>>> print(open('work06.json').read())   # JSON, C-alpha atoms
[["chain", "number", "residue", "atom", "x", "y", "z"],
["A", 1, "ASP", "CA", -10.49, -14.86, 10.32],
["A", 2, "ILE", "CA", -10.88, -16.41, 13.78],
["A", 3, "LYS", "CA", -7.61, -18.35, 13.53],
["A", 4, "ILE", "CA", -5.67, -15.13, 13.04],
["A", 5, "LYS", "CA", -7.53, -13.47, 15.90],
["A", 6, "ARG", "CA", -6.64, -16.38, 18.17],
["A", 7, "PHE", "CA", -3.01, -16.23, 17.08],
["A", 8, "ILE", "CA", -2.78, -12.47, 17.72],
["A", 9, "THR", "CA", -4.40, -12.71, 21.15],
["A", 10, "SER", "CA", -1.99, -15.50, 22.12],
["A", 11, "LEU", "CA", 1.04, -13.27, 21.56],
["A", 12, "LYS", "CA", 2.96, -11.43, 24.27],
["A", 13, "PRO", "CA", 4.34, -8.42, 22.39],
["A", 14, "ALA", "CA", 5.52, -6.68, 25.57],
["A", 15, "VAL", "CA", 8.61, -8.89, 25.48],
["A", 16, "ASP", "CA", 9.76, -6.88, 22.45],
["A", 17, "LEU", "CA", 9.40, -3.48, 24.07],
["A", 18, "TYR", "CA", 13.12, -3.47, 24.86],
["A", 19, "ASN", "CA", 14.24, -5.44, 21.81],
["A", 20, "GLU", "CA", 16.77, -3.16, 20.09],
["A", 21, "ARG", "CA", 16.94, -5.41, 17.01],
["A", 22, "LEU", "CA", 13.19, -5.67, 16.46],
["A", 23, "VAL", "CA", 12.77, -2.80, 14.00],
["A", 24, "SER", "CA", 15.65, -3.63, 11.68],
["A", 25, "ASN", "CA", 14.67, -7.31, 11.73],
["A", 26, "PHE", "CA", 11.07, -6.47, 10.94],
["A", 27, "ILE", "CA", 11.97, -4.18, 8.03],
["A", 28, "ASP", "CA", 14.11, -6.92, 6.47],
["A", 29, "ASN", "CA", 11.43, -9.54, 7.15],
["A", 30, "PHE", "CA", 8.68, -7.39, 5.66],
["A", 31, "PHE", "CA", 10.69, -6.55, 2.53],
["A", 32, "ASN", "CA", 11.46, -10.24, 1.96],
["A", 33, "TRP", "CA", 7.82, -11.12, 2.72],
["A", 34, "ILE", "CA", 6.67, -8.77, -0.04],
["A", 35, "LYS", "CA", 9.17, -10.23, -2.50],
["A", 36, "SER", "CA", 8.27, -13.82, -1.65],
["A", 37, "SER", "CA", 4.86, -13.71, -3.34],
["A", 38, "LYS", "CA", 4.21, -16.46, -5.85],
["A", 39, "LEU", "CA", 1.10, -14.67, -7.12],
["A", 40, "ASN", "CA", 2.71, -11.28, -7.83],
["A", 41, "HIS", "CA", 6.00, -9.96, -9.16],
["A", 42, "LEU", "CA", 7.56, -6.55, -8.52],
["A", 43, "ALA", "CA", 10.61, -6.27, -10.77],
["A", 44, "ASN", "CA", 13.46, -4.03, -9.61],
["A", 45, "ILE", "CA", 12.03, -3.40, -6.15],
["A", 46, "ASP", "CA", 15.58, -3.83, -4.84],
["A", 47, "GLN", "CA", 16.42, -0.38, -6.27],
["A", 48, "TYR", "CA", 14.53, 1.13, -3.34],
["A", 49, "THR", "CA", 17.10, 0.76, -0.60],
["A", 50, "ASN", "CA", 15.75, 3.40, 1.81],
["A", 51, "LYS", "CA", 13.26, 1.23, 3.72],
["A", 52, "LYS", "CA", 11.56, 2.97, 6.63],
["A", 53, "LEU", "CA", 8.69, 2.22, 8.97],
["A", 54, "CYS", "CA", 5.65, 4.47, 8.90],
["A", 55, "SER", "CA", 2.15, 4.55, 10.34],
["A", 56, "GLY", "CA", 0.34, 2.54, 7.69],
["A", 57, "THR", "CA", 0.44, 3.99, 4.17],
["A", 58, "ILE", "CA", -1.21, 7.21, 5.36],
["A", 59, "GLN", "CA", 1.94, 8.70, 6.88],
["A", 60, "ALA", "CA", 3.78, 8.10, 3.60],
["A", 61, "PHE", "CA", 0.98, 9.96, 1.80],
["A", 62, "ASP", "CA", 1.25, 12.92, 4.17],
["A", 63, "HIS", "CA", 4.98, 13.29, 3.57],
["A", 64, "PHE", "CA", 4.50, 13.00, -0.20],
["A", 65, "TYR", "CA", 1.92, 15.80, -0.06],
["A", 66, "TRP", "CA", 4.25, 18.03, 1.96],
["A", 67, "LYS", "CA", 7.33, 17.32, -0.16],
["A", 68, "HIS", "CA", 5.45, 18.27, -3.33],
["A", 69, "LYS", "CA", 3.17, 20.92, -1.85],
["A", 70, "GLU", "CA", 3.87, 23.36, -4.69],
["A", 71, "LYS", "CA", 2.71, 20.86, -7.31],
["A", 72, "ARG", "CA", -0.75, 19.95, -8.58],
["A", 73, "PHE", "CA", -1.77, 16.50, -7.36],
["A", 74, "ARG", "CA", -3.32, 14.00, -9.76],
["A", 75, "PHE", "CA", -5.16, 10.75, -9.05],
["A", 76, "PHE", "CA", -8.07, 8.85, -10.57],
["A", 77, "ASN", "CA", -11.64, 9.14, -9.38],
["A", 78, "GLY", "CA", -12.17, 6.16, -7.10],
["A", 79, "GLU", "CA", -8.83, 6.44, -5.30],
["A", 80, "PHE", "CA", -8.63, 6.31, -1.50],
["A", 81, "MET", "CA", -10.85, 9.14, -0.16],
["A", 82, "TYR", "CA", -8.04, 10.20, 2.20],
["A", 83, "HIS", "CA", -6.32, 12.08, -0.63],
["A", 84, "LYS", "CA", -9.25, 14.43, -1.20],
["A", 85, "ALA", "CA", -9.87, 14.78, 2.53],
["A", 86, "CYS", "CA", -6.33, 16.11, 3.03],
["A", 87, "LEU", "CA", -5.73, 18.00, -0.20],
["A", 88, "LYS", "CA", -8.99, 19.97, -0.13],
["A", 89, "HIS", "CA", -7.44, 22.19, 2.55],
["A", 90, "GLY", "CA", -5.49, 24.54, 0.31],
["A", 91, "ALA", "CA", -3.71, 22.13, -2.06],
["A", 92, "ARG", "CA", -4.33, 21.88, -5.80],
["A", 93, "TYR", "CA", -5.63, 18.64, -7.30],
["A", 94, "ILE", "CA", -7.65, 17.46, -10.27],
["A", 95, "PRO", "CA", -8.61, 13.95, -11.41],
["A", 96, "LEU", "CA", -6.41, 12.02, -13.82],
["A", 97, "ASN", "CA", -9.50, 10.89, -15.72],
["A", 98, "GLY", "CA", -9.34, 12.24, -19.27],
["A", 99, "LYS", "CA", -6.90, 15.08, -18.51],
["A", 100, "LYS", "CA", -3.24, 15.14, -19.53],
["A", 101, "ILE", "CA", -0.46, 14.94, -16.99],
["A", 102, "MET", "CA", 1.59, 18.13, -17.06],
["A", 103, "ASN", "CA", 5.02, 19.17, -15.88],
["A", 104, "GLY", "CA", 4.49, 20.44, -12.33],
["A", 105, "ASP", "CA", 2.07, 17.65, -11.39],
["A", 106, "ALA", "CA", 2.53, 14.94, -8.75],
["A", 107, "VAL", "CA", 0.73, 11.62, -9.31],
["A", 108, "ILE", "CA", -0.72, 9.01, -6.94],
["A", 109, "VAL", "CA", -1.74, 5.55, -8.17],
["A", 110, "SER", "CA", -2.89, 2.56, -6.13],
["A", 111, "ILE", "CA", -1.82, -0.93, -7.21],
["A", 112, "PRO", "CA", -4.23, -2.67, -7.41],
["A", 113, "PHE", "CA", -6.44, 0.30, -8.17],
["A", 114, "SER", "CA", -8.74, 0.96, -5.21],
["A", 115, "ASP", "CA", -11.89, 1.19, -7.32],
["A", 116, "TYR", "CA", -11.39, -1.88, -9.55],
["A", 117, "GLY", "CA", -9.48, -4.42, -7.48],
["A", 118, "THR", "CA", -7.11, -4.91, -10.43],
["A", 119, "VAL", "CA", -4.11, -3.02, -11.79],
["A", 120, "HIS", "CA", -5.43, 0.07, -13.58],
["A", 121, "LEU", "CA", -5.00, -0.39, -17.33],
["A", 122, "SER", "CA", -3.32, 3.02, -17.62],
["A", 123, "THR", "CA", -0.68, 2.40, -14.94],
["A", 124, "VAL", "CA", 2.28, 1.68, -17.24],
["A", 125, "LYS", "CA", 1.26, 4.47, -19.62],
["A", 126, "ILE", "CA", 1.15, 6.91, -16.70],
["A", 127, "LEU", "CA", 4.56, 5.82, -15.45],
["A", 128, "ASN", "CA", 6.05, 6.32, -18.92],
["A", 129, "ILE", "CA", 4.53, 9.80, -19.21],
["A", 130, "CYS", "CA", 5.70, 10.75, -15.72],
["A", 131, "ASN", "CA", 9.18, 9.48, -16.50],
["A", 132, "ASN", "CA", 9.39, 11.67, -19.60],
["A", 133, "LEU", "CA", 8.08, 14.76, -17.77],
["A", 134, "GLU", "CA", 9.98, 14.08, -14.50],
["A", 135, "VAL", "CA", 6.69, 14.05, -12.59],
["A", 136, "PRO", "CA", 7.00, 12.40, -9.13],
["A", 137, "VAL", "CA", 4.81, 9.37, -8.48],
["A", 138, "LEU", "CA", 3.61, 7.65, -5.32],
["A", 139, "LEU", "CA", 2.56, 4.01, -5.70],
["A", 140, "ASP", "CA", 0.15, 2.79, -3.03],
["A", 141, "PHE", "CA", 0.43, -0.98, -2.50],
["A", 142, "ALA", "CA", -1.79, -1.13, 0.60],
["A", 143, "TYR", "CA", -3.88, -3.96, -0.89],
["A", 144, "TYR", "CA", -0.88, -5.98, -2.10],
["A", 145, "PRO", "CA", -1.25, -8.82, 0.47],
["A", 146, "CYS", "CA", -4.83, -9.34, -0.73],
["A", 147, "THR", "CA", -4.02, -9.38, -4.43],
["A", 148, "LYS", "CA", -2.88, -11.65, -7.26],
["A", 149, "ASN", "CA", -1.72, -11.01, -10.84],
["A", 150, "ILE", "CA", 0.35, -7.90, -10.12],
["A", 151, "ASP", "CA", 3.31, -7.98, -12.49],
["A", 152, "ILE", "CA", 4.98, -4.59, -12.76],
["A", 153, "ASP", "CA", 8.46, -3.25, -13.32],
["A", 154, "LEU", "CA", 9.42, -0.54, -10.80],
["A", 155, "ASN", "CA", 12.43, 0.64, -12.81],
["A", 156, "TYR", "CA", 11.14, 4.19, -13.31],
["A", 157, "SER", "CA", 13.08, 7.21, -12.12],
["A", 158, "CYS", "CA", 9.79, 9.08, -11.62],
["A", 159, "ILE", "CA", 8.77, 6.77, -8.75],
["A", 160, "ASP", "CA", 9.37, 8.84, -5.63],
["A", 161, "THR", "CA", 7.61, 6.74, -3.00],
["A", 162, "ILE", "CA", 6.27, 3.20, -2.67],
["A", 163, "ALA", "CA", 4.05, 2.42, 0.32],
["A", 164, "PHE", "CA", 2.99, -0.92, 1.80],
["A", 165, "SER", "CA", 0.89, -1.69, 4.86],
["A", 166, "ILE", "CA", -0.03, -4.57, 7.14],
["A", 167, "SER", "CA", -3.54, -3.12, 7.56],
["A", 168, "LYS", "CA", -5.32, -5.05, 4.80],
["A", 169, "ALA", "CA", -3.39, -8.29, 5.21],
["A", 170, "PHE", "CA", -4.84, -9.62, 8.47],
["A", 171, "TYR", "CA", -7.99, -9.46, 10.55],
["A", 172, "GLY", "CA", -7.21, -6.73, 13.08],
["A", 173, "GLY", "CA", -4.12, -5.57, 11.19],
["A", 174, "GLU", "CA", -5.62, -2.15, 10.58],
["A", 175, "PHE", "CA", -5.29, -1.35, 14.26],
["A", 176, "LEU", "CA", -1.54, -1.97, 14.29],
["A", 177, "ARG", "CA", -0.81, 1.07, 12.06],
["A", 178, "VAL", "CA", 2.35, -0.53, 10.66],
["A", 179, "GLY", "CA", 3.56, 0.29, 7.17],
["A", 180, "ILE", "CA", 6.75, 0.48, 5.14],
["A", 181, "ARG", "CA", 7.86, 3.34, 2.90],
["A", 182, "LEU", "CA", 10.36, 2.58, 0.14],
["A", 183, "GLN", "CA", 12.46, 5.26, -1.55],
["A", 184, "ARG", "CA", 15.78, 5.24, -3.36],
["A", 185, "ASP", "CA", 17.45, 7.78, -1.07],
["A", 186, "ASN", "CA", 17.27, 9.05, 2.49],
["A", 187, "VAL", "CA", 15.78, 12.54, 2.12],
["A", 188, "ASP", "CA", 15.91, 13.29, 5.85],
["A", 189, "ASP", "CA", 12.23, 14.13, 6.13],
["A", 190, "GLY", "CA", 10.03, 13.39, 9.13],
["A", 191, "ILE", "CA", 9.79, 9.65, 8.45],
["A", 192, "ASP", "CA", 13.54, 9.32, 7.98],
["A", 193, "ALA", "CA", 14.11, 11.41, 11.10],
["A", 194, "PHE", "CA", 11.85, 9.49, 13.47],
["A", 195, "ASN", "CA", 13.27, 6.21, 12.18],
["A", 196, "SER", "CA", 16.79, 7.47, 12.88],
["A", 197, "VAL", "CA", 15.96, 7.97, 16.57],
["A", 198, "ASN", "CA", 13.84, 4.81, 16.96],
["A", 199, "MET", "CA", 10.47, 6.48, 17.60],
["A", 200, "HIS", "CA", 8.57, 3.26, 16.87],
["A", 201, "ASN", "CA", 5.60, 1.46, 18.36],
["A", 202, "ARG", "CA", 7.38, -1.78, 19.21],
["A", 203, "ILE", "CA", 4.21, -3.43, 20.49],
["A", 204, "SER", "CA", 2.53, -3.12, 17.08],
["A", 205, "ILE", "CA", 5.72, -4.09, 15.25],
["A", 206, "SER", "CA", 6.10, -7.18, 17.41],
["A", 207, "ILE", "CA", 2.60, -8.35, 16.47],
["A", 208, "ALA", "CA", 3.13, -7.53, 12.80],
["A", 209, "ASN", "CA", 6.44, -9.38, 12.79],
["A", 210, "ALA", "CA", 4.85, -12.49, 14.32],
["A", 211, "LEU", "CA", 2.11, -12.40, 11.66],
["A", 212, "ILE", "CA", 4.41, -12.20, 8.66],
["A", 213, "ASN", "CA", 6.64, -14.88, 10.13],
["A", 214, "LYS", "CA", 3.66, -17.24, 10.42],
["A", 215, "TYR", "CA", 1.58, -16.37, 7.35],
["A", 216, "SER", "CA", 2.59, -16.04, 3.69],
["A", 217, "VAL", "CA", 2.01, -12.77, 1.84],
["A", 218, "ASP", "CA", -0.27, -14.89, -0.39],
["A", 219, "HIS", "CA", -2.17, -16.28, 2.60],
["A", 220, "ASN", "CA", -5.51, -14.70, 1.74],
["A", 221, "TRP", "CA", -5.71, -16.11, -1.79],
["A", 222, "ASP", "CA", -4.18, -19.43, -0.79],
["A", 223, "THR", "CA", -6.78, -19.83, 1.96],
["A", 224, "TYR", "CA", -9.95, -18.17, 0.72],
["A", 225, "ALA", "CA", -9.96, -18.29, -3.10],
["A", 226, "ASN", "CA", -12.83, -20.79, -3.28],
["A", 227, "ALA", "CA", -14.89, -18.97, -0.65],
["A", 228, "TYR", "CA", -14.33, -15.68, -2.50],
["A", 229, "VAL", "CA", -15.66, -17.12, -5.76],
["A", 230, "GLU", "CA", -18.69, -18.58, -3.97],
["A", 231, "VAL", "CA", -19.55, -15.26, -2.32],
["A", 232, "CYS", "CA", -19.22, -13.38, -5.62],
["A", 233, "LYS", "CA", -21.56, -15.87, -7.29],
["A", 234, "GLU", "CA", -24.07, -15.61, -4.45],
["A", 235, "LYS", "CA", -24.06, -11.80, -4.55],
["A", 236, "LYS", "CA", -23.90, -11.64, -8.38],
["A", 237, "LEU", "CA", -20.55, -9.84, -8.30],
["A", 238, "GLU", "CA", -17.77, -9.83, -10.86],
["A", 239, "THR", "CA", -14.56, -11.20, -9.37],
["A", 240, "THR", "CA", -11.41, -9.06, -9.20],
["A", 241, "ASP", "CA", -7.73, -9.67, -8.41],
["A", 242, "CYS", "CA", -8.22, -8.29, -4.87],
["A", 243, "ILE", "CA", -9.93, -10.74, -2.53],
["A", 244, "MET", "CA", -11.58, -7.87, -0.60],
["A", 245, "PHE", "CA", -13.61, -6.66, -3.60],
["A", 246, "GLY", "CA", -16.25, -7.81, -6.04],
["A", 247, "LEU", "CA", -17.77, -5.51, -8.66],
["A", 248, "GLY", "CA", -21.53, -5.07, -8.67],
["A", 249, "GLY", "CA", -24.14, -3.81, -11.08],
["A", 250, "LYS", "CA", -26.91, -1.25, -10.79],
["A", 251, "GLN", "CA", -28.09, -2.53, -7.41],
["A", 252, "TYR", "CA", -24.80, -1.28, -5.94],
["A", 253, "GLU", "CA", -24.74, 2.14, -7.63],
["A", 254, "GLU", "CA", -24.85, 3.95, -4.29],
["A", 255, "TYR", "CA", -21.29, 2.76, -3.61],
["A", 256, "ASN", "CA", -19.88, 4.06, -6.91]]
>>> encode(input="work06.json", output="structure tokens")
Amino acid sequence: DIKIKRFITSLKPAVDLYNERLVSNFIDNFFNWIKSSKLNHLANIDQYTNKKLCSGTIQAFDHFYWKHKEKRFRFFNGEFMYHKACLKHGARYIPLNGKKIMNGDAVIVSIPFSDYGTVHLSTVKILNICNNLEVPVLLDFAYYPCTKNIDIDLNYSCIDTIAFSISKAFYGGEFLRVGIRLQRDNVDDGIDAFNSVNMHNRISISIANALINKYSVDHNWDTYANAYVEVCKEKKLETTDCIMFGLGGKQYEEYN
């Protein structure tokens, strides 16, 4: 997106290096930006009052792993490869596919699901099971700014962590490493601690703040819906609810 690249390169984020109000303003702006979507609805997101900055969604994942290090981690095949890359070093994990969730597990689900580009059909079922068993859940909303048709109620006590990121929203956004972690309570872990003493990259936050002030959270679908459909037709792909993905047939098996 050349227009976004031009906008980013026109900014002068150094002016915010000494802006003491930048972080709190950005957190409020980002939270309201997420809620402002006309294409998605996250009911009861206001329950998650502990809103903290983190380095993309990845830092939120790392703290979830550490907090629940004694548990067995569960996620579907096709989730973000980062989970396996980290957990293979001494942690326990098995796929969710076809195997029951048990007490003592910890579950990770992306919304939309990373492999389908739509909300996984088992998401609500999993949340209900985890609620009954008191199994902690992390919901990964990294692709949220590229998605439509998400309509989910977050009123589940099992939801431990919700993570959003600016990385997928904008061309170049992945290099900012700016994310938000939502929880109900301040647990005084590493993310809470570094937020409490303002250990933030204000240059990245300044750019991210300018982007969300200028562009809607629905910008990608509002701008590129027609182009997306054309590309999917040209490449013989099935459309999804995430504008970054189309689903292919046998000719794309190597990516499965």
>>> residues_around(input="work06.json", residues="segment 182-198 of chain A", least_positions_apart="3", cutoff="7 Å", atoms="all atoms listed in the file", output="count of residues only")
12
>>> atom_distance(input="work06.json", atom1="atom CA of Val124 of chain A", atom2="atom CA of Asp105 of chain A")
17.0 Å
>>> closest_residue(input="work06.json", among="A:Leu237, A:Ile4, A:Cys130, A:Val23", to="Lys250 of chain A", atoms="only C-alpha atoms")
A:Leu237
>>> closest_atom_pairs(input="work06.json", of="segment 173-227 of chain A", to="segment 27-37 of chain A", cutoff="7 Å", atoms="only C-alpha atoms", output="tab-separated table")
residue	atom	partner	partner_atom	distance
A:Ile212	CA	A:Trp33	CA	6.9
A:Val217	CA	A:Ser37	CA	6.0
A:Asp218	CA	A:Ser37	CA	6.0
>>> closest_residue(input="work06.json", among="A:Ser204, A:Gly249, A:Ile243, A:Ser122", to="Val15 of chain A", atoms="all atoms listed in the file")
A:Ser204
>>> atom_distance(input="work06.json", atom1="atom CA of Leu133 of chain A", atom2="atom CA of Asn103 of chain A")
5.7 Å
>>> residues_around(input="work06.json", residues="Ala91 of chain A", least_positions_apart="2", cutoff="10 Å", atoms="only C-alpha atoms", output="count of residues only")
13
>>> residues_around(input="work06.json", residues="Ser206 of chain A", least_positions_apart="2", cutoff="8 Å", atoms="only C-alpha atoms", output="PyMOL selection string")
chain A and resi 13+16+22+202-204+208-210
